[in-house]
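Student: Here you go, model_6.txt (compact mmCIF, N, CA and C atoms):
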# COMPACT_ATOMS: atom_id res chain seq x y z
N GLN A 1 -5.75 1.28 -22.47
CA GLN A 1 -5.03 2.41 -21.90
C GLN A 1 -4.77 2.15 -20.42
N VAL A 2 -3.51 2.29 -20.03
CA VAL A 2 -3.14 2.07 -18.64
C VAL A 2 -3.58 3.25 -17.77
N GLN A 3 -4.20 2.91 -16.65
CA GLN A 3 -4.58 3.94 -15.70
C GLN A 3 -4.31 3.46 -14.28
N LEU A 4 -3.77 4.35 -13.47
CA LEU A 4 -3.63 4.15 -12.04
C LEU A 4 -4.23 5.37 -11.37
N VAL A 5 -5.26 5.16 -10.58
CA VAL A 5 -5.98 6.27 -9.97
C VAL A 5 -5.96 6.13 -8.46
N GLU A 6 -5.24 7.04 -7.82
CA GLU A 6 -5.15 7.03 -6.36
C GLU A 6 -6.31 7.81 -5.74
N SER A 7 -6.68 7.42 -4.55
CA SER A 7 -7.71 8.12 -3.79
C SER A 7 -7.49 7.88 -2.31
N GLY A 8 -8.18 8.67 -1.48
CA GLY A 8 -8.12 8.46 -0.04
C GLY A 8 -7.26 9.43 0.72
N GLY A 9 -6.57 10.30 0.02
CA GLY A 9 -5.76 11.29 0.71
C GLY A 9 -6.62 12.35 1.39
N GLY A 10 -5.94 13.21 2.17
CA GLY A 10 -6.66 14.26 2.85
C GLY A 10 -5.86 14.84 3.99
N LEU A 11 -6.56 15.59 4.83
CA LEU A 11 -5.95 16.21 6.01
C LEU A 11 -6.31 15.38 7.23
N VAL A 12 -5.30 15.05 8.02
CA VAL A 12 -5.51 14.24 9.23
C VAL A 12 -4.61 14.78 10.33
N GLN A 13 -5.06 14.64 11.58
CA GLN A 13 -4.26 15.08 12.71
C GLN A 13 -3.16 14.08 13.02
N PRO A 14 -2.08 14.53 13.62
CA PRO A 14 -1.03 13.60 14.06
C PRO A 14 -1.63 12.49 14.92
N GLY A 15 -1.17 11.27 14.67
CA GLY A 15 -1.70 10.11 15.36
C GLY A 15 -2.88 9.46 14.67
N GLY A 16 -3.42 10.12 13.67
CA GLY A 16 -4.57 9.61 12.96
C GLY A 16 -4.22 8.58 11.90
N SER A 17 -5.25 8.15 11.17
CA SER A 17 -5.08 7.12 10.15
C SER A 17 -5.74 7.54 8.84
N LEU A 18 -5.21 7.01 7.76
CA LEU A 18 -5.80 7.14 6.44
C LEU A 18 -5.57 5.85 5.68
N ARG A 19 -6.46 5.57 4.74
CA ARG A 19 -6.29 4.43 3.86
C ARG A 19 -6.32 4.92 2.43
N LEU A 20 -5.19 4.74 1.75
CA LEU A 20 -5.10 5.10 0.34
C LEU A 20 -5.45 3.90 -0.52
N SER A 21 -6.06 4.18 -1.67
CA SER A 21 -6.37 3.15 -2.65
C SER A 21 -5.81 3.56 -3.99
N CYS A 22 -5.46 2.57 -4.78
CA CYS A 22 -4.99 2.82 -6.15
C CYS A 22 -5.67 1.79 -7.05
N ALA A 23 -6.57 2.27 -7.88
CA ALA A 23 -7.31 1.39 -8.80
C ALA A 23 -6.60 1.36 -10.14
N ALA A 24 -6.32 0.15 -10.62
CA ALA A 24 -5.55 -0.04 -11.84
C ALA A 24 -6.41 -0.60 -12.96
N SER A 25 -6.05 -0.25 -14.18
CA SER A 25 -6.72 -0.81 -15.35
C SER A 25 -5.78 -0.73 -16.54
N GLY A 26 -6.04 -1.59 -17.54
CA GLY A 26 -5.29 -1.52 -18.77
C GLY A 26 -4.05 -2.42 -18.83
N PHE A 27 -3.81 -3.21 -17.78
CA PHE A 27 -2.69 -4.14 -17.80
C PHE A 27 -3.02 -5.29 -16.86
N THR A 28 -2.19 -6.34 -16.89
CA THR A 28 -2.44 -7.53 -16.07
C THR A 28 -1.95 -7.26 -14.66
N PHE A 29 -2.83 -6.74 -13.85
CA PHE A 29 -2.49 -6.24 -12.52
C PHE A 29 -1.75 -7.27 -11.67
N SER A 30 -2.21 -8.49 -11.65
CA SER A 30 -1.65 -9.49 -10.74
C SER A 30 -0.20 -9.82 -11.05
N SER A 31 0.26 -9.53 -12.26
CA SER A 31 1.63 -9.85 -12.68
C SER A 31 2.63 -8.76 -12.32
N TYR A 32 2.15 -7.65 -11.83
CA TYR A 32 2.99 -6.49 -11.57
C TYR A 32 3.27 -6.32 -10.09
N ALA A 33 4.51 -5.92 -9.79
CA ALA A 33 4.81 -5.42 -8.46
C ALA A 33 4.14 -4.06 -8.31
N MET A 34 3.54 -3.86 -7.15
CA MET A 34 2.86 -2.59 -6.88
C MET A 34 3.55 -1.90 -5.72
N SER A 35 3.79 -0.62 -5.89
CA SER A 35 4.49 0.15 -4.86
C SER A 35 3.77 1.47 -4.58
N TRP A 36 4.02 1.96 -3.39
CA TRP A 36 3.64 3.32 -3.03
C TRP A 36 4.92 4.12 -2.82
N TYR A 37 4.94 5.30 -3.41
CA TYR A 37 6.01 6.26 -3.23
C TYR A 37 5.40 7.53 -2.65
N ARG A 38 6.27 8.39 -2.14
CA ARG A 38 5.79 9.71 -1.70
C ARG A 38 6.85 10.76 -2.00
N GLN A 39 6.37 11.97 -2.15
CA GLN A 39 7.28 13.09 -2.40
C GLN A 39 6.80 14.30 -1.61
N ALA A 40 7.65 14.72 -0.68
CA ALA A 40 7.37 15.91 0.12
C ALA A 40 7.94 17.13 -0.59
N PRO A 41 7.42 18.31 -0.28
CA PRO A 41 7.92 19.53 -0.93
C PRO A 41 9.42 19.69 -0.75
N GLY A 42 10.11 19.92 -1.85
CA GLY A 42 11.55 20.13 -1.79
C GLY A 42 12.38 18.89 -1.62
N LYS A 43 11.74 17.73 -1.64
CA LYS A 43 12.48 16.46 -1.44
C LYS A 43 12.28 15.55 -2.65
N GLU A 44 13.16 14.57 -2.75
CA GLU A 44 13.05 13.60 -3.82
C GLU A 44 11.94 12.59 -3.50
N ARG A 45 11.42 12.01 -4.56
CA ARG A 45 10.41 10.96 -4.38
C ARG A 45 11.09 9.75 -3.73
N GLU A 46 10.42 9.16 -2.74
CA GLU A 46 11.00 8.01 -2.03
C GLU A 46 10.02 6.85 -1.99
N LEU A 47 10.60 5.65 -1.98
CA LEU A 47 9.80 4.43 -1.90
C LEU A 47 9.28 4.25 -0.49
N VAL A 48 7.99 3.96 -0.39
CA VAL A 48 7.36 3.74 0.91
C VAL A 48 7.17 2.24 1.15
N ALA A 49 6.57 1.55 0.19
CA ALA A 49 6.28 0.13 0.37
C ALA A 49 6.05 -0.53 -0.98
N THR A 50 6.33 -1.84 -1.03
CA THR A 50 6.15 -2.63 -2.24
C THR A 50 5.48 -3.95 -1.88
N ILE A 51 4.62 -4.42 -2.78
CA ILE A 51 4.02 -5.74 -2.61
C ILE A 51 4.08 -6.48 -3.94
N ILE A 52 4.50 -7.73 -3.88
CA ILE A 52 4.57 -8.60 -5.06
C ILE A 52 3.78 -9.86 -4.76
N SER A 53 2.82 -10.18 -5.60
CA SER A 53 1.99 -11.37 -5.38
C SER A 53 2.86 -12.61 -5.27
N GLY A 54 2.67 -13.36 -4.21
CA GLY A 54 3.40 -14.60 -4.02
C GLY A 54 4.77 -14.43 -3.39
N TYR A 55 5.21 -13.19 -3.21
CA TYR A 55 6.54 -12.95 -2.65
C TYR A 55 6.50 -12.21 -1.32
N GLY A 56 5.61 -11.24 -1.18
CA GLY A 56 5.52 -10.54 0.08
C GLY A 56 5.63 -9.04 -0.07
N THR A 57 6.05 -8.43 1.02
CA THR A 57 6.07 -6.97 1.10
C THR A 57 7.40 -6.47 1.65
N ASN A 58 7.70 -5.22 1.39
CA ASN A 58 8.80 -4.56 2.07
C ASN A 58 8.46 -3.10 2.26
N TYR A 59 9.09 -2.51 3.28
CA TYR A 59 8.75 -1.15 3.70
C TYR A 59 10.00 -0.31 3.94
N ALA A 60 9.85 0.98 3.77
CA ALA A 60 10.89 1.91 4.21
C ALA A 60 10.96 1.86 5.73
N ASP A 61 12.15 2.03 6.27
CA ASP A 61 12.32 1.98 7.73
C ASP A 61 11.44 3.02 8.43
N SER A 62 11.22 4.14 7.78
CA SER A 62 10.49 5.24 8.40
C SER A 62 9.00 4.92 8.61
N VAL A 63 8.49 3.89 7.94
CA VAL A 63 7.06 3.58 8.05
C VAL A 63 6.80 2.18 8.61
N LYS A 64 7.84 1.41 8.84
CA LYS A 64 7.66 0.05 9.37
C LYS A 64 6.90 0.09 10.69
N GLY A 65 5.92 -0.81 10.79
CA GLY A 65 5.12 -0.88 12.01
C GLY A 65 3.95 0.08 12.04
N ARG A 66 3.92 1.02 11.08
CA ARG A 66 2.82 2.00 11.04
C ARG A 66 1.98 1.86 9.77
N PHE A 67 2.62 1.53 8.66
CA PHE A 67 1.93 1.43 7.37
C PHE A 67 1.84 -0.04 6.95
N THR A 68 0.76 -0.37 6.26
CA THR A 68 0.57 -1.71 5.72
C THR A 68 0.12 -1.62 4.27
N ILE A 69 0.86 -2.27 3.38
CA ILE A 69 0.47 -2.34 1.98
C ILE A 69 -0.24 -3.67 1.74
N SER A 70 -1.29 -3.63 0.93
CA SER A 70 -2.01 -4.85 0.57
C SER A 70 -2.57 -4.69 -0.83
N ARG A 71 -3.00 -5.79 -1.41
CA ARG A 71 -3.57 -5.74 -2.75
C ARG A 71 -4.72 -6.71 -2.86
N ASP A 72 -5.65 -6.38 -3.74
CA ASP A 72 -6.76 -7.25 -4.07
C ASP A 72 -6.72 -7.45 -5.58
N ASN A 73 -6.18 -8.57 -6.01
CA ASN A 73 -6.02 -8.80 -7.45
C ASN A 73 -7.36 -8.95 -8.16
N ALA A 74 -8.39 -9.36 -7.44
CA ALA A 74 -9.72 -9.47 -8.05
C ALA A 74 -10.31 -8.10 -8.36
N LYS A 75 -9.89 -7.10 -7.58
CA LYS A 75 -10.39 -5.74 -7.77
C LYS A 75 -9.37 -4.83 -8.46
N ASN A 76 -8.20 -5.40 -8.80
CA ASN A 76 -7.13 -4.61 -9.43
C ASN A 76 -6.81 -3.35 -8.63
N THR A 77 -6.69 -3.54 -7.33
CA THR A 77 -6.49 -2.40 -6.43
C THR A 77 -5.40 -2.71 -5.41
N VAL A 78 -4.59 -1.71 -5.14
CA VAL A 78 -3.58 -1.78 -4.09
C VAL A 78 -3.92 -0.72 -3.04
N TYR A 79 -3.66 -1.06 -1.80
CA TYR A 79 -4.01 -0.18 -0.68
C TYR A 79 -2.78 0.16 0.15
N LEU A 80 -2.87 1.26 0.85
CA LEU A 80 -1.86 1.61 1.85
C LEU A 80 -2.60 2.10 3.09
N GLN A 81 -2.60 1.26 4.12
CA GLN A 81 -3.18 1.64 5.40
C GLN A 81 -2.10 2.36 6.20
N MET A 82 -2.39 3.59 6.58
CA MET A 82 -1.41 4.41 7.28
C MET A 82 -1.95 4.75 8.67
N ASN A 83 -1.26 4.27 9.69
CA ASN A 83 -1.64 4.52 11.08
C ASN A 83 -0.57 5.34 11.78
N SER A 84 -0.93 5.91 12.91
CA SER A 84 0.02 6.69 13.72
C SER A 84 0.75 7.71 12.86
N LEU A 85 -0.01 8.44 12.08
CA LEU A 85 0.59 9.38 11.14
C LEU A 85 1.31 10.51 11.86
N LYS A 86 2.40 10.95 11.24
CA LYS A 86 3.24 12.02 11.79
C LYS A 86 3.29 13.17 10.78
N PRO A 87 3.60 14.36 11.24
CA PRO A 87 3.71 15.49 10.30
C PRO A 87 4.70 15.21 9.17
N GLU A 88 5.74 14.46 9.46
CA GLU A 88 6.74 14.16 8.42
C GLU A 88 6.24 13.17 7.38
N ASP A 89 5.05 12.63 7.56
CA ASP A 89 4.43 11.79 6.53
C ASP A 89 3.72 12.63 5.47
N THR A 90 3.65 13.93 5.69
CA THR A 90 3.01 14.82 4.72
C THR A 90 3.73 14.78 3.38
N ALA A 91 2.98 14.48 2.32
CA ALA A 91 3.57 14.32 1.00
C ALA A 91 2.46 14.04 0.00
N VAL A 92 2.83 14.07 -1.26
CA VAL A 92 1.97 13.50 -2.31
C VAL A 92 2.35 12.04 -2.43
N TYR A 93 1.37 11.17 -2.36
CA TYR A 93 1.58 9.73 -2.44
C TYR A 93 1.19 9.22 -3.82
N TYR A 94 2.09 8.44 -4.41
CA TYR A 94 1.90 7.91 -5.76
C TYR A 94 1.93 6.39 -5.72
N CYS A 95 1.13 5.75 -6.54
CA CYS A 95 1.31 4.32 -6.72
C CYS A 95 2.01 4.07 -8.05
N LYS A 96 2.74 2.96 -8.09
CA LYS A 96 3.50 2.58 -9.27
C LYS A 96 3.34 1.10 -9.52
N ALA A 97 3.19 0.75 -10.78
CA ALA A 97 3.17 -0.64 -11.21
C ALA A 97 4.45 -0.93 -11.97
N SER A 98 5.10 -2.04 -11.66
CA SER A 98 6.39 -2.37 -12.28
C SER A 98 6.44 -3.82 -12.70
N ARG A 99 7.03 -4.05 -13.87
CA ARG A 99 7.28 -5.42 -14.32
C ARG A 99 8.26 -5.39 -15.47
N LEU A 100 9.38 -6.08 -15.27
CA LEU A 100 10.39 -6.25 -16.33
C LEU A 100 10.78 -4.91 -16.94
N GLY A 101 11.02 -3.93 -16.10
CA GLY A 101 11.49 -2.64 -16.58
C GLY A 101 10.41 -1.70 -17.07
N ARG A 102 9.18 -2.18 -17.09
CA ARG A 102 8.07 -1.32 -17.50
C ARG A 102 7.42 -0.75 -16.24
N ASN A 103 7.25 0.58 -16.22
CA ASN A 103 6.69 1.25 -15.05
C ASN A 103 5.52 2.14 -15.43
N TYR A 104 4.49 2.10 -14.60
CA TYR A 104 3.35 2.98 -14.76
C TYR A 104 3.12 3.71 -13.44
N TRP A 105 2.77 5.00 -13.54
CA TRP A 105 2.56 5.83 -12.36
C TRP A 105 1.15 6.40 -12.33
N GLY A 106 0.65 6.59 -11.13
CA GLY A 106 -0.58 7.32 -10.94
C GLY A 106 -0.30 8.81 -10.83
N GLN A 107 -1.36 9.58 -10.65
CA GLN A 107 -1.22 11.04 -10.63
C GLN A 107 -0.95 11.59 -9.23
N GLY A 108 -1.13 10.75 -8.22
CA GLY A 108 -0.82 11.15 -6.85
C GLY A 108 -2.03 11.64 -6.08
N THR A 109 -1.92 11.49 -4.76
CA THR A 109 -2.94 12.00 -3.85
C THR A 109 -2.25 12.65 -2.66
N GLN A 110 -2.73 13.80 -2.26
CA GLN A 110 -2.08 14.58 -1.21
C GLN A 110 -2.49 14.06 0.16
N VAL A 111 -1.49 13.86 1.01
CA VAL A 111 -1.70 13.53 2.42
C VAL A 111 -1.05 14.63 3.25
N THR A 112 -1.83 15.24 4.11
CA THR A 112 -1.33 16.29 4.97
C THR A 112 -1.62 15.92 6.42
N VAL A 113 -0.57 15.86 7.22
CA VAL A 113 -0.70 15.52 8.64
C VAL A 113 -0.39 16.78 9.44
N SER A 114 -1.41 17.33 10.06
CA SER A 114 -1.25 18.60 10.76
C SER A 114 -2.35 18.79 11.77
N SER A 115 -2.01 19.46 12.86
CA SER A 115 -3.03 19.79 13.86
C SER A 115 -3.61 21.17 13.60
Translate this structure into structure tokens?

Tutor:
Amino acid sequence: QVQLVESGGGLVQPGGSLRLSCAASGFTFSSYAMSWYRQAPGKERELVATIISGYGTNYADSVKGRFTISRDNAKNTVYLQMNSLKPEDTAVYYCKASRLGRNYWGQGTQVTVSS
């Protein structure tokens, strides 16, 4: 059974940092592109960052220089280090696994940036 379980969300002040984790099971993790998406209230879900083993990473312009995506294939886990957080980063963050048209989603973790 495929599972993606996000953790690490919470409430943080502007300028603060959080590290999200997404633990995967039930599929060959290293073969999949892993992405983080987010969805703010009243907005569409948007791509934040993607990492593909052996190929590299890409980021949305809005998070470049502040967020870092990484993965540990030995632990079947993908991370999102978020620094210099802004109120507009407030959203539910989801991880997604993709390969050859097959997609798996996690249940999401809430990130709230507020003073």

Student: Please report the interatomic distance between CA of Ile52 (chain A) and CA of Thr77 (chain A) in Å with one decimal.

Tutor: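 Taking CA of Ile52 (chain A) as the start and CA of Thr77 (chain A) as the end point, the length is 12.8 Å.
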
Student: Taking (12.6, 5.2, -2.3) in the coordinates of the supplied file, I want to know which residues reach to within 10 Å of it, counting only C-alpha atoms; could you give the answer as a PyMOL selection string?

Tutor: chain A and resi 35-39+44-49+59-60

Student: Please dump the current selection as a compact mmCIF listing (two decimals), in the frame of the given file; keep N, CA and C atoms.

Tutor:
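The result, stored in part_38.txt:
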# COMPACT_ATOMS: atom_id res chain seq x y z
N SER A 35 3.79 -0.62 -5.89
CA SER A 35 4.49 0.15 -4.86
C SER A 35 3.77 1.47 -4.58
N TRP A 36 4.02 1.96 -3.39
CA TRP A 36 3.64 3.32 -3.03
C TRP A 36 4.92 4.12 -2.82
N TYR A 37 4.94 5.30 -3.41
CA TYR A 37 6.01 6.26 -3.23
C TYR A 37 5.40 7.53 -2.65
N ARG A 38 6.27 8.39 -2.14
CA ARG A 38 5.79 9.71 -1.70
C ARG A 38 6.85 10.76 -2.00
N GLN A 39 6.37 11.97 -2.15
CA GLN A 39 7.28 13.09 -2.40
C GLN A 39 6.80 14.30 -1.61
N GLU A 44 13.16 14.57 -2.75
CA GLU A 44 13.05 13.60 -3.82
C GLU A 44 11.94 12.59 -3.50
N ARG A 45 11.42 12.01 -4.56
CA ARG A 45 10.41 10.96 -4.38
C ARG A 45 11.09 9.75 -3.73
N GLU A 46 10.42 9.16 -2.74
CA GLU A 46 11.00 8.01 -2.03
C GLU A 46 10.02 6.85 -1.99
N LEU A 47 10.60 5.65 -1.98
CA LEU A 47 9.80 4.43 -1.90
C LEU A 47 9.28 4.25 -0.49
N VAL A 48 7.99 3.96 -0.39
CA VAL A 48 7.36 3.74 0.91
C VAL A 48 7.17 2.24 1.15
N ALA A 49 6.57 1.55 0.19
CA ALA A 49 6.28 0.13 0.37
C ALA A 49 6.05 -0.53 -0.98
N TYR A 59 9.09 -2.51 3.28
CA TYR A 59 8.75 -1.15 3.70
C TYR A 59 10.00 -0.31 3.94
N ALA A 60 9.85 0.98 3.77
CA ALA A 60 10.89 1.91 4.21
C ALA A 60 10.96 1.86 5.73

Student: Report as a list in words all protein, DNA and RNA residues lying within 5 Å of region 19-24 of chain A, evaluated on only N, CA and C atoms, omitting residues in the same chain fewer than 3 positions from it.

Tutor: Gln3, Leu4, Val5, Glu6, Ser7, Gly8, Asn76, Thr77, Val78, Tyr79, Leu80, Gln81 and Met82 of chain A

Student: Which of chain A end up as strand (DSSP E or B) when DSSP is run on this backbone - answer as a PyMOL selection string?

Tutor: chain A and resi 3-7+10-12+18-25+33-39+46-52+56-59+67-72+77-82+91-99+102-105+109-113

Student: What is the distance between CA of Cys95 (chain A) and CA of Gly108 (chain A), in Å to one decimal?

Tutor: 7.2 Å

Student: Which residues, protein or nucleic acid, reach to within 8 Å of (1.5, -12.1, -6.9) in the file's coordinates when using all atoms listed in the file, and can you give that as a short mmCIF file (atom, residue, chain, number, x, y, z; two decimals) with N, CA and C atoms, in the coordinates of the input?

Tutor:
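The result, written out as selection23.cif:
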data_model
loop_
_atom_site.label_atom_id
_atom_site.label_comp_id
_atom_site.auth_asym_id
_atom_site.auth_seq_id
_atom_site.Cartn_x
_atom_site.Cartn_y
_atom_site.Cartn_z
N PHE A 29 -2.83 -6.74 -13.85
CA PHE A 29 -2.49 -6.24 -12.52
C PHE A 29 -1.75 -7.27 -11.67
N SER A 30 -2.21 -8.49 -11.65
CA SER A 30 -1.65 -9.49 -10.74
C SER A 30 -0.20 -9.82 -11.05
N SER A 31 0.26 -9.53 -12.26
CA SER A 31 1.63 -9.85 -12.68
C SER A 31 2.63 -8.76 -12.32
N TYR A 32 2.15 -7.65 -11.83
CA TYR A 32 2.99 -6.49 -11.57
C TYR A 32 3.27 -6.32 -10.09
N ALA A 33 4.51 -5.92 -9.79
CA ALA A 33 4.81 -5.42 -8.46
C ALA A 33 4.14 -4.06 -8.31
N ILE A 51 4.62 -4.42 -2.78
CA ILE A 51 4.02 -5.74 -2.61
C ILE A 51 4.08 -6.48 -3.94
N ILE A 52 4.50 -7.73 -3.88
CA ILE A 52 4.57 -8.60 -5.06
C ILE A 52 3.78 -9.86 -4.76
N SER A 53 2.82 -10.18 -5.60
CA SER A 53 1.99 -11.37 -5.38
C SER A 53 2.86 -12.61 -5.27
N GLY A 54 2.67 -13.36 -4.21
CA GLY A 54 3.40 -14.60 -4.02
C GLY A 54 4.77 -14.43 -3.39
N TYR A 55 5.21 -13.19 -3.21
CA TYR A 55 6.54 -12.95 -2.65
C TYR A 55 6.50 -12.21 -1.32
N GLY A 56 5.61 -11.24 -1.18
CA GLY A 56 5.52 -10.54 0.08
C GLY A 56 5.63 -9.04 -0.07
#

Student: Using Å and a single decimal, report how far CA of Gly15 (chain A) sits from CA of Val113 (chain A).

Tutor: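 Taking CA of Val113 (chain A) and CA of Gly15 (chain A), their separation equals 8.7 Å.
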
Student: Using only C-alpha atoms, which protein or nucleic acid residues come within 6 Å of Lys96 (chain A)? Drop anything in the same chain fewer than 4 positions from it, and give the result as an mmCIF file with N, CA and C atoms, in the coordinates of the input.

Tutor:
data_model
loop_
_atom_site.group_PDB
_atom_site.id
_atom_site.type_symbol
_atom_site.label_atom_id
_atom_site.label_comp_id
_atom_site.auth_asym_id
_atom_site.auth_seq_id
_atom_site.Cartn_x
_atom_site.Cartn_y
_atom_site.Cartn_z
ATOM 1 N N MET A 34 3.540 -3.860 -7.150
ATOM 2 C CA MET A 34 2.860 -2.590 -6.880
ATOM 3 C C MET A 34 3.550 -1.900 -5.720
ATOM 4 N N SER A 35 3.790 -0.620 -5.890
ATOM 5 C CA SER A 35 4.490 0.150 -4.860
ATOM 6 C C SER A 35 3.770 1.470 -4.580
ATOM 7 N N TYR A 104 4.490 2.100 -14.600
ATOM 8 C CA TYR A 104 3.350 2.980 -14.760
ATOM 9 C C TYR A 104 3.120 3.710 -13.440
ATOM 10 N N TRP A 105 2.770 5.000 -13.540
ATOM 11 C CA TRP A 105 2.560 5.830 -12.360
ATOM 12 C C TRP A 105 1.150 6.400 -12.330
#
